[in-house]
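Here's work-v4.cif, which has mmCIF, C-alpha atoms:
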data_coords
loop_
_atom_site.label_atom_id
_atom_site.label_comp_id
_atom_site.auth_asym_id
_atom_site.auth_seq_id
_atom_site.Cartn_x
_atom_site.Cartn_y
_atom_site.Cartn_z
CA MET S 20 0.00 0.00 0.00
CA ARG S 21 1.06 3.55 -0.77
CA ALA S 22 -0.64 6.82 0.15
CA GLY S 23 -0.34 10.45 -0.83
CA CYS S 24 -1.83 13.66 0.58
CA ASP S 25 -2.27 17.19 -0.69
CA GLU S 26 -4.56 20.14 -0.06
CA ALA S 27 -6.36 22.84 -2.03
CA GLY S 28 -7.51 26.22 -0.83
CA LYS S 29 -4.87 27.03 1.75
CA GLY S 30 -4.26 30.57 0.51
CA PRO S 31 -7.65 31.97 -0.62
CA VAL S 32 -9.60 34.53 1.36
CA LEU S 33 -12.93 32.87 0.54
CA GLY S 34 -14.21 29.44 1.47
CA SER S 35 -12.90 26.25 2.99
CA MET S 36 -9.63 24.42 2.58
CA PHE S 37 -9.76 20.75 1.55
CA ALA S 38 -7.15 18.05 2.12
CA ALA S 39 -7.31 14.75 0.27
CA ALA S 40 -5.61 11.39 0.66
CA VAL S 41 -5.31 8.70 -2.00
CA VAL S 42 -4.40 5.14 -1.05
CA THR S 43 -3.60 2.36 -3.52
CA PRO S 44 -1.74 -0.97 -3.39
CA ASP S 45 0.37 0.15 -6.36
CA PRO S 46 0.68 3.68 -7.80
CA LYS S 47 0.93 2.07 -11.25
CA VAL S 48 -2.83 1.43 -11.16
CA LEU S 49 -3.48 5.18 -11.18
CA PRO S 50 -4.47 6.68 -14.55
CA ASP S 51 -1.53 7.69 -16.72
CA ALA S 52 -3.00 11.18 -17.06
CA VAL S 53 -2.70 11.86 -13.32
CA ALA S 54 -0.50 14.92 -12.79
CA ASP S 55 -0.24 18.01 -10.65
CA SER S 56 -3.81 19.39 -10.58
CA LYS S 57 -2.56 22.88 -11.50
CA GLN S 58 -1.42 21.51 -14.88
CA LEU S 59 -4.83 20.09 -15.76
CA THR S 60 -8.01 21.70 -17.05
CA PRO S 61 -11.08 21.69 -14.76
CA THR S 62 -12.76 19.14 -17.05
CA LYS S 63 -9.74 16.84 -16.98
CA ARG S 64 -9.49 17.12 -13.19
CA SER S 65 -13.16 16.29 -12.81
CA ASP S 66 -12.91 13.28 -15.13
CA LEU S 67 -9.84 11.95 -13.33
CA ALA S 68 -11.43 12.44 -9.90
CA ALA S 69 -14.46 10.45 -11.06
CA THR S 70 -12.17 7.68 -12.35
CA LEU S 71 -10.32 7.56 -9.04
CA ARG S 72 -13.57 7.41 -7.05
CA SER S 73 -14.87 4.51 -9.16
CA ASP S 74 -11.68 2.42 -9.04
CA PRO S 75 -11.99 -0.38 -6.44
CA ALA S 76 -8.19 -0.46 -6.13
CA VAL S 77 -8.14 3.15 -4.92
CA THR S 78 -9.54 4.57 -1.69
CA LEU S 79 -10.00 8.26 -1.05
CA GLY S 80 -10.40 10.50 1.98
CA VAL S 81 -11.25 14.19 2.10
CA ALA S 82 -11.19 16.58 5.06
CA GLU S 83 -12.75 20.05 4.96
CA VAL S 84 -11.50 22.94 7.08
CA PRO S 85 -14.25 25.60 7.11
CA VAL S 86 -13.82 29.34 7.40
CA ALA S 87 -14.87 29.43 11.06
CA ARG S 88 -12.10 27.00 11.97
CA ILE S 89 -9.53 28.89 9.91
CA ASP S 90 -10.44 32.12 11.72
CA ALA S 91 -10.26 30.54 15.20
CA SER S 92 -7.66 32.17 17.40
CA ASP S 93 -6.25 28.93 18.82
CA THR S 94 -4.50 27.67 15.70
CA ASP S 95 -2.62 28.52 12.48
CA MET S 96 -2.79 27.36 8.86
CA ASN S 97 0.15 24.97 9.10
CA THR S 98 -1.44 23.22 12.08
CA LEU S 99 -4.81 23.08 10.32
CA THR S 100 -3.14 21.63 7.23
CA VAL S 101 -1.39 18.97 9.31
CA GLN S 102 -4.65 18.03 11.01
CA ALA S 103 -6.54 17.95 7.72
CA HIS S 104 -3.96 15.67 6.09
CA ALA S 105 -4.20 13.32 9.06
CA ARG S 106 -8.02 13.26 8.95
CA ALA S 107 -8.05 12.57 5.22
CA LEU S 108 -5.61 9.72 5.74
CA VAL S 109 -7.75 8.13 8.44
CA ASP S 110 -10.76 8.31 6.11
CA ALA S 111 -8.86 6.79 3.19
CA LEU S 112 -6.92 3.97 4.86
CA PRO S 113 -8.65 0.57 4.86
CA ALA S 114 -9.28 -0.68 8.39
CA ASP S 115 -7.14 -3.81 7.97
CA VAL S 116 -4.05 -2.02 6.63
CA GLU S 117 -1.12 -1.20 8.89
CA GLU S 118 2.24 0.55 8.54
CA VAL S 119 1.39 2.44 5.39
CA PRO S 120 4.11 4.64 3.83
CA VAL S 121 2.71 8.08 3.05
CA VAL S 122 4.08 11.00 1.07
CA VAL S 123 2.60 14.41 1.87
CA ASP S 124 3.02 17.69 0.05
CA ALA S 125 4.70 19.65 2.82
CA GLY S 126 2.89 22.79 3.90
CA ASP S 127 5.88 23.97 5.91
CA PRO S 128 9.35 25.21 4.85
CA ASP S 129 10.71 22.28 6.88
CA ALA S 130 9.30 19.26 5.03
CA ASP S 131 10.56 16.75 7.59
CA ARG S 132 8.94 18.66 10.45
CA PHE S 133 5.63 18.77 8.58
CA ALA S 134 5.80 15.00 7.99
CA ARG S 135 6.54 14.30 11.66
CA ARG S 136 3.56 16.41 12.72
CA VAL S 137 1.19 14.55 10.39
CA GLU S 138 2.54 11.22 11.61
CA THR S 139 2.08 12.28 15.24
CA VAL S 140 -1.53 13.41 14.98
CA CYS S 141 -2.70 10.64 12.65
CA ASP S 142 -4.73 7.97 14.44
CA ARG S 143 -3.33 5.21 12.22
CA SER S 144 0.07 3.57 11.99
CA VAL S 145 1.75 5.44 9.13
CA THR S 146 5.26 6.39 8.11
CA VAL S 147 5.13 9.86 6.62
CA THR S 148 7.61 11.50 4.28
CA GLY S 149 7.29 15.20 3.48
CA ARG S 150 8.27 16.65 0.14
CA HIS S 151 7.89 20.11 -1.34
CA SER S 152 6.00 20.08 -4.67
CA ALA S 153 5.43 16.36 -4.11
CA GLU S 154 2.60 16.33 -6.65
CA ALA S 155 5.22 16.74 -9.37
CA SER S 156 7.12 13.56 -8.47
CA HIS S 157 4.70 11.23 -6.64
CA GLN S 158 1.62 9.90 -8.41
CA THR S 159 -0.36 9.32 -5.22
CA VAL S 160 0.16 12.94 -4.19
CA ALA S 161 -0.75 14.15 -7.68
CA ALA S 162 -3.94 12.10 -7.46
CA ALA S 163 -4.68 13.61 -4.05
CA SER S 164 -4.12 17.10 -5.44
CA ILE S 165 -6.73 16.40 -8.11
CA VAL S 166 -9.30 15.14 -5.61
CA ALA S 167 -8.74 18.10 -3.30
CA LYS S 168 -8.89 20.64 -6.12
CA VAL S 169 -12.12 19.20 -7.53
CA ARG S 170 -13.73 19.41 -4.09
CA ARG S 171 -12.50 22.97 -3.65
CA ASP S 172 -13.80 23.97 -7.11
CA ALA S 173 -17.22 22.45 -6.38
CA HIS S 174 -17.28 24.33 -3.09
CA ILE S 175 -16.54 27.65 -4.80
CA GLU S 176 -19.21 26.97 -7.43
CA ALA S 177 -21.76 26.36 -4.68
CA LEU S 178 -20.78 29.62 -2.96
CA ALA S 179 -21.10 31.47 -6.27
CA ASP S 180 -24.60 30.04 -6.71
CA GLU S 181 -25.49 31.58 -3.36
CA TYR S 182 -23.60 34.89 -3.49
CA GLY S 183 -23.16 35.59 -7.18
CA PRO S 184 -19.83 35.95 -9.01
CA ILE S 185 -17.04 35.67 -6.45
CA GLY S 186 -14.08 34.70 -8.62
CA SER S 187 -11.56 32.10 -7.51
CA GLY S 188 -11.52 33.26 -3.91
CA TYR S 189 -7.86 34.26 -4.02
CA PRO S 190 -6.90 37.76 -2.80
CA SER S 191 -5.11 38.47 -6.10
CA ASP S 192 -8.27 37.82 -8.13
CA PRO S 193 -9.87 41.17 -9.14
CA GLN S 194 -13.35 39.61 -9.19
CA THR S 195 -12.89 38.30 -5.66
CA ARG S 196 -11.70 41.69 -4.44
CA SER S 197 -14.59 43.43 -6.21
CA PHE S 198 -17.08 41.04 -4.60
CA LEU S 199 -15.64 41.64 -1.14
CA ALA S 200 -15.59 45.42 -1.57
CA SER S 201 -19.19 45.49 -2.82
CA TYR S 202 -20.39 43.22 -0.03
CA TYR S 203 -18.62 45.29 2.62
CA ALA S 204 -19.99 48.53 1.22
CA LYS S 205 -23.52 47.14 1.36
CA HIS S 206 -23.41 45.27 4.68
CA GLY S 207 -20.63 46.94 6.65
CA THR S 208 -18.95 43.60 7.25
CA CYS S 209 -17.21 40.83 5.33
CA PRO S 210 -19.40 37.96 4.10
CA PRO S 211 -19.55 34.81 6.25
CA ILE S 212 -17.68 32.91 3.54
CA ALA S 213 -14.64 35.19 3.97
CA ARG S 214 -11.70 34.48 6.23
CA GLU S 215 -11.96 37.46 8.56
CA SER S 216 -8.45 36.90 9.88
CA TRP S 217 -6.93 37.37 6.40
CA SER S 218 -5.23 40.68 5.65
CA THR S 219 -7.62 41.21 2.72
CA CYS S 220 -10.53 41.58 5.14
CA ALA S 221 -8.45 43.68 7.52
CA ASP S 222 -7.66 46.04 4.63
CA LEU S 223 -11.37 46.39 3.85
CA ARG S 224 -12.14 47.26 7.45
CA ALA S 225 -9.29 49.77 7.59
CA ALA S 226 -10.38 51.43 4.34
CA ALA S 227 -13.97 51.68 5.58
CA GLU S 228 -12.82 53.20 8.85
CA GLN S 229 -10.63 55.69 7.04
CA SER S 230 -13.54 56.65 4.80
CA HIS S 231 -15.80 57.09 7.82
CA LEU S 232 -13.27 59.35 9.53
CA GLY S 233 -12.95 61.39 6.35
CA ASN S 234 -16.63 62.27 6.56
CA PHE S 235 -16.12 64.22 9.78
#

For this file, write the structure as structure tokens.
Amino acid sequence: MRAGCDEAGKGPVLGSMFAAAVVTPDPKVLPDAVADSKQLTPTKRSDLAATLRSDPAVTLGVAEVPVARIDASDTDMNTLTVQAHARALVDALPADVEEVPVVVDAGDPDADRFARRVETVCDRSVTVTGRHSAEASHQTVAAASIVAKVRRDAHIEALADEYGPIGSGYPSDPQTRSFLASYYAKHGTCPPIARESWSTCADLRAAAEQSHLGNF
């Protein structure tokens, strides 16, 4: 057995983060087209995720970290990423499998430290190796990146159905910034799908306060 973990949505200001784990007895059973999710079109990612879900030789696990948890004052994104990887692994690992080697895409400058943390908090017996950009060199991690990205994309689509055009959710996206500015101007607060602790929201609050003071 081999396993890989990756996450999607760590950096956006809108919506949840998702971590995924993919477990297989042999990475060679994974589709040849599996690659880093960022190199694939949305349609290709969706098709590959469906293929992975339907393959009896592959098991998947997904953990969602919602906005409220991201904004909680008792943690940080690296810790949340570690916990999410561990939860996804527990969901993906068959009950009768022990001592599974796992490769995780390290969400920490120190890849070995990130791996040790995942191994420590995981409730299963796993041996974890951390690698930066692991989705480029490990098929199980690439597969996990696809599963996580497809879940994140579906999540953003659902939020857009509710709130209207919101863009990708990343602070650098002009549509996302326009949505946040319009919402704040109308409601005097960031939307509940926004990560209030992000600097993007802090900048909105500061600009609104400055504008208010300028009226006096």

Handout entry: Reference answer for the PyMOL selection byres ((chain S and resi 203-220) around 10), as a PyMOL selection string
Key = chain S and resi 30-35+85-92+175+178+182+188-191+196-202+221-227

Export C-alpha atoms of the chosen residues as a compact mmCIF listing (two decimals), keeping the file's coordinate frame?
# COMPACT_ATOMS: atom_id res chain seq x y z
CA GLY S 30 -4.26 30.57 0.51
CA PRO S 31 -7.65 31.97 -0.62
CA VAL S 32 -9.60 34.53 1.36
CA LEU S 33 -12.93 32.87 0.54
CA GLY S 34 -14.21 29.44 1.47
CA SER S 35 -12.90 26.25 2.99
CA PRO S 85 -14.25 25.60 7.11
CA VAL S 86 -13.82 29.34 7.40
CA ALA S 87 -14.87 29.43 11.06
CA ARG S 88 -12.10 27.00 11.97
CA ILE S 89 -9.53 28.89 9.91
CA ASP S 90 -10.44 32.12 11.72
CA ALA S 91 -10.26 30.54 15.20
CA SER S 92 -7.66 32.17 17.40
CA ILE S 175 -16.54 27.65 -4.80
CA LEU S 178 -20.78 29.62 -2.96
CA TYR S 182 -23.60 34.89 -3.49
CA GLY S 188 -11.52 33.26 -3.91
CA TYR S 189 -7.86 34.26 -4.02
CA PRO S 190 -6.90 37.76 -2.80
CA SER S 191 -5.11 38.47 -6.10
CA ARG S 196 -11.70 41.69 -4.44
CA SER S 197 -14.59 43.43 -6.21
CA PHE S 198 -17.08 41.04 -4.60
CA LEU S 199 -15.64 41.64 -1.14
CA ALA S 200 -15.59 45.42 -1.57
CA SER S 201 -19.19 45.49 -2.82
CA TYR S 202 -20.39 43.22 -0.03
CA ALA S 221 -8.45 43.68 7.52
CA ASP S 222 -7.66 46.04 4.63
CA LEU S 223 -11.37 46.39 3.85
CA ARG S 224 -12.14 47.26 7.45
CA ALA S 225 -9.29 49.77 7.59
CA ALA S 226 -10.38 51.43 4.34
CA ALA S 227 -13.97 51.68 5.58

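Applied to the file shown here, the PyMOL selection byres ((chain S and resi 141) around 8) selects the residues Gln102, Ala105, Arg106, Leu108, Val109, Val137, Glu138, Thr139, Val140, Asp142, Arg143, Ser144 and Val145 of chain S.
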
Handout entry: Selection under test: the PyMOL selection byres ((chain S and resi 74) around 12); residues as a list in words
Key =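 When the PyMOL selection byres ((chain S and resi 74) around 12) is applied, the selected residues are Val41, Val42, Thr43, Pro44, Val48, Leu49, Pro50, Leu67, Ala68, Ala69, Thr70, Leu71, Arg72, Ser73, Pro75, Ala76, Val77, Thr78 and Leu79 of chain S.
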
Handout entry: Distance in Å - CA of Asp45 (chain S) versus CA of Val169 (chain S)
Key =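 Atom-to-atom, CA of Asp45 (chain S) to CA of Val169 (chain S), that is 22.8 Å.
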
Practice task
Quote the spacing between CA of Ala40 (chain S) and CA of Ala179 (chain S) in Å to one decimal place.
Solution key: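 These two atoms are separated by 26.3 Å.
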
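Pairwise distance (CA of Ser56 (chain S), CA of Ala173 (chain S)) equals 14.4 Å.
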
Exercise for the section: Counting only C-alpha atoms, figure out which residue out of S:Gly80, S:Pro128, S:Pro184, S:Gly28 gets nearest to Lys168 (chain S). Expected result: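 The answer is S:Gly28, which sits nearest to Lys168 (chain S).
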
Exercise for the section: Go through S:Val116, S:Ala167, S:Val101, S:Ala162 and flag the residue nearest Phe37 (chain S), using only C-alpha atoms for the distances. Expected result: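 For Phe37 (chain S), the nearest of the given residues is S:Ala167.
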
Exercise for the section: Using all atoms listed in the file, find the one residue out of S:Ala107, S:Met96, S:Val84, S:Val160 that sits nearest to Asp127 (chain S). Expected result: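 Using all atoms listed in the file, the shortest distance to Asp127 (chain S) belongs to S:Met96.
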
Exercise for the section: Extract, using all atoms listed in the file, all DNA, RNA and protein residues at most 9 Å from Ser164 (chain S), discarding same-chain residues fewer than 4 positions from it, and format them as a ChimeraX atom specification. Expected result: /S:23-27,38-40,54-57,154,159-160,168-169

What would region 86-97 of chain S look like with all heavy atoms restored, written as an mmCIF file, in the frame of the given file?
data_model
loop_
_atom_site.group_PDB
_atom_site.id
_atom_site.type_symbol
_atom_site.label_atom_id
_atom_site.label_comp_id
_atom_site.auth_asym_id
_atom_site.auth_seq_id
_atom_site.Cartn_x
_atom_site.Cartn_y
_atom_site.Cartn_z
ATOM 1 N N VAL S 86 -14.284 27.994 7.092
ATOM 2 C CA VAL S 86 -13.820 29.340 7.400
ATOM 3 C C VAL S 86 -13.780 29.606 8.899
ATOM 4 O O VAL S 86 -12.815 30.197 9.412
ATOM 5 C CB VAL S 86 -14.727 30.382 6.696
ATOM 6 C CG1 VAL S 86 -14.480 31.780 7.242
ATOM 7 C CG2 VAL S 86 -14.486 30.362 5.193
ATOM 8 N N ALA S 87 -14.819 29.169 9.618
ATOM 9 C CA ALA S 87 -14.870 29.430 11.060
ATOM 10 C C ALA S 87 -13.680 28.822 11.777
ATOM 11 O O ALA S 87 -13.134 29.417 12.721
ATOM 12 C CB ALA S 87 -16.177 28.894 11.643
ATOM 13 N N ARG S 88 -13.255 27.644 11.334
ATOM 14 C CA ARG S 88 -12.100 27.000 11.970
ATOM 15 C C ARG S 88 -10.815 27.718 11.593
ATOM 16 O O ARG S 88 -9.906 27.871 12.425
ATOM 17 C CB ARG S 88 -12.034 25.529 11.549
ATOM 18 C CG ARG S 88 -10.913 24.747 12.229
ATOM 19 C CD ARG S 88 -11.083 24.722 13.726
ATOM 20 N NE ARG S 88 -9.962 24.078 14.391
ATOM 21 C CZ ARG S 88 -9.378 24.536 15.487
ATOM 22 N NH1 ARG S 88 -9.802 25.669 16.043
ATOM 23 N NH2 ARG S 88 -8.380 23.898 16.052
ATOM 24 N N ILE S 89 -10.723 28.169 10.354
ATOM 25 C CA ILE S 89 -9.530 28.890 9.910
ATOM 26 C C ILE S 89 -9.366 30.187 10.705
ATOM 27 O O ILE S 89 -8.248 30.592 11.048
ATOM 28 C CB ILE S 89 -9.612 29.182 8.398
ATOM 29 C CG1 ILE S 89 -9.505 27.863 7.616
ATOM 30 C CG2 ILE S 89 -8.524 30.154 7.959
ATOM 31 C CD1 ILE S 89 -9.788 27.988 6.140
ATOM 32 N N ASP S 90 -10.486 30.841 11.005
ATOM 33 C CA ASP S 90 -10.440 32.120 11.720
ATOM 34 C C ASP S 90 -10.291 31.956 13.239
ATOM 35 O O ASP S 90 -10.115 32.953 13.940
ATOM 36 C CB ASP S 90 -11.718 32.924 11.446
ATOM 37 C CG ASP S 90 -11.656 33.629 10.106
ATOM 38 O OD1 ASP S 90 -10.551 33.830 9.587
ATOM 39 O OD2 ASP S 90 -12.725 33.968 9.569
ATOM 40 N N ALA S 91 -10.374 30.739 13.748
ATOM 41 C CA ALA S 91 -10.260 30.540 15.200
ATOM 42 C C ALA S 91 -8.901 31.000 15.691
ATOM 43 O O ALA S 91 -7.882 30.844 15.011
ATOM 44 C CB ALA S 91 -10.481 29.069 15.548
ATOM 45 N N SER S 92 -8.882 31.560 16.877
ATOM 46 C CA SER S 92 -7.660 32.170 17.400
ATOM 47 C C SER S 92 -6.687 31.162 18.001
ATOM 48 O O SER S 92 -5.570 31.522 18.352
ATOM 49 C CB SER S 92 -8.019 33.214 18.467
ATOM 50 O OG SER S 92 -8.698 32.604 19.553
ATOM 51 N N ASP S 93 -7.093 29.903 18.122
ATOM 52 C CA ASP S 93 -6.250 28.930 18.820
ATOM 53 C C ASP S 93 -5.391 28.095 17.889
ATOM 54 O O ASP S 93 -4.828 27.071 18.304
ATOM 55 C CB ASP S 93 -7.136 27.996 19.662
ATOM 56 C CG ASP S 93 -8.071 27.144 18.812
ATOM 57 O OD1 ASP S 93 -8.362 27.550 17.662
ATOM 58 O OD2 ASP S 93 -8.520 26.092 19.289
ATOM 59 N N THR S 94 -5.265 28.494 16.619
ATOM 60 C CA THR S 94 -4.500 27.670 15.700
ATOM 61 C C THR S 94 -3.887 28.512 14.588
ATOM 62 O O THR S 94 -3.983 29.732 14.590
ATOM 63 C CB THR S 94 -5.388 26.559 15.111
ATOM 64 O OG1 THR S 94 -4.577 25.625 14.408
ATOM 65 C CG2 THR S 94 -6.437 27.131 14.161
ATOM 66 N N ASP S 95 -3.231 27.860 13.632
ATOM 67 C CA ASP S 95 -2.620 28.520 12.480
ATOM 68 C C ASP S 95 -2.780 27.609 11.274
ATOM 69 O O ASP S 95 -3.134 26.437 11.402
ATOM 70 C CB ASP S 95 -1.138 28.801 12.749
ATOM 71 C CG ASP S 95 -0.367 27.530 13.057
ATOM 72 O OD1 ASP S 95 0.013 26.833 12.102
ATOM 73 O OD2 ASP S 95 -0.176 27.216 14.250
ATOM 74 N N MET S 96 -2.521 28.133 10.077
ATOM 75 C CA MET S 96 -2.790 27.360 8.860
ATOM 76 C C MET S 96 -1.933 26.113 8.748
ATOM 77 O O MET S 96 -2.399 25.087 8.255
ATOM 78 C CB MET S 96 -2.603 28.252 7.628
ATOM 79 C CG MET S 96 -3.742 29.229 7.382
ATOM 80 S SD MET S 96 -5.390 28.448 7.299
ATOM 81 C CE MET S 96 -5.238 27.433 5.845
ATOM 82 N N ASN S 97 -0.677 26.172 9.183
ATOM 83 C CA ASN S 97 0.150 24.970 9.100
ATOM 84 C C ASN S 97 -0.411 23.850 9.976
ATOM 85 O O ASN S 97 -0.457 22.682 9.580
ATOM 86 C CB ASN S 97 1.596 25.270 9.500
ATOM 87 C CG ASN S 97 2.416 25.769 8.319
ATOM 88 O OD1 ASN S 97 1.948 25.803 7.190
ATOM 89 N ND2 ASN S 97 3.643 26.172 8.590
#
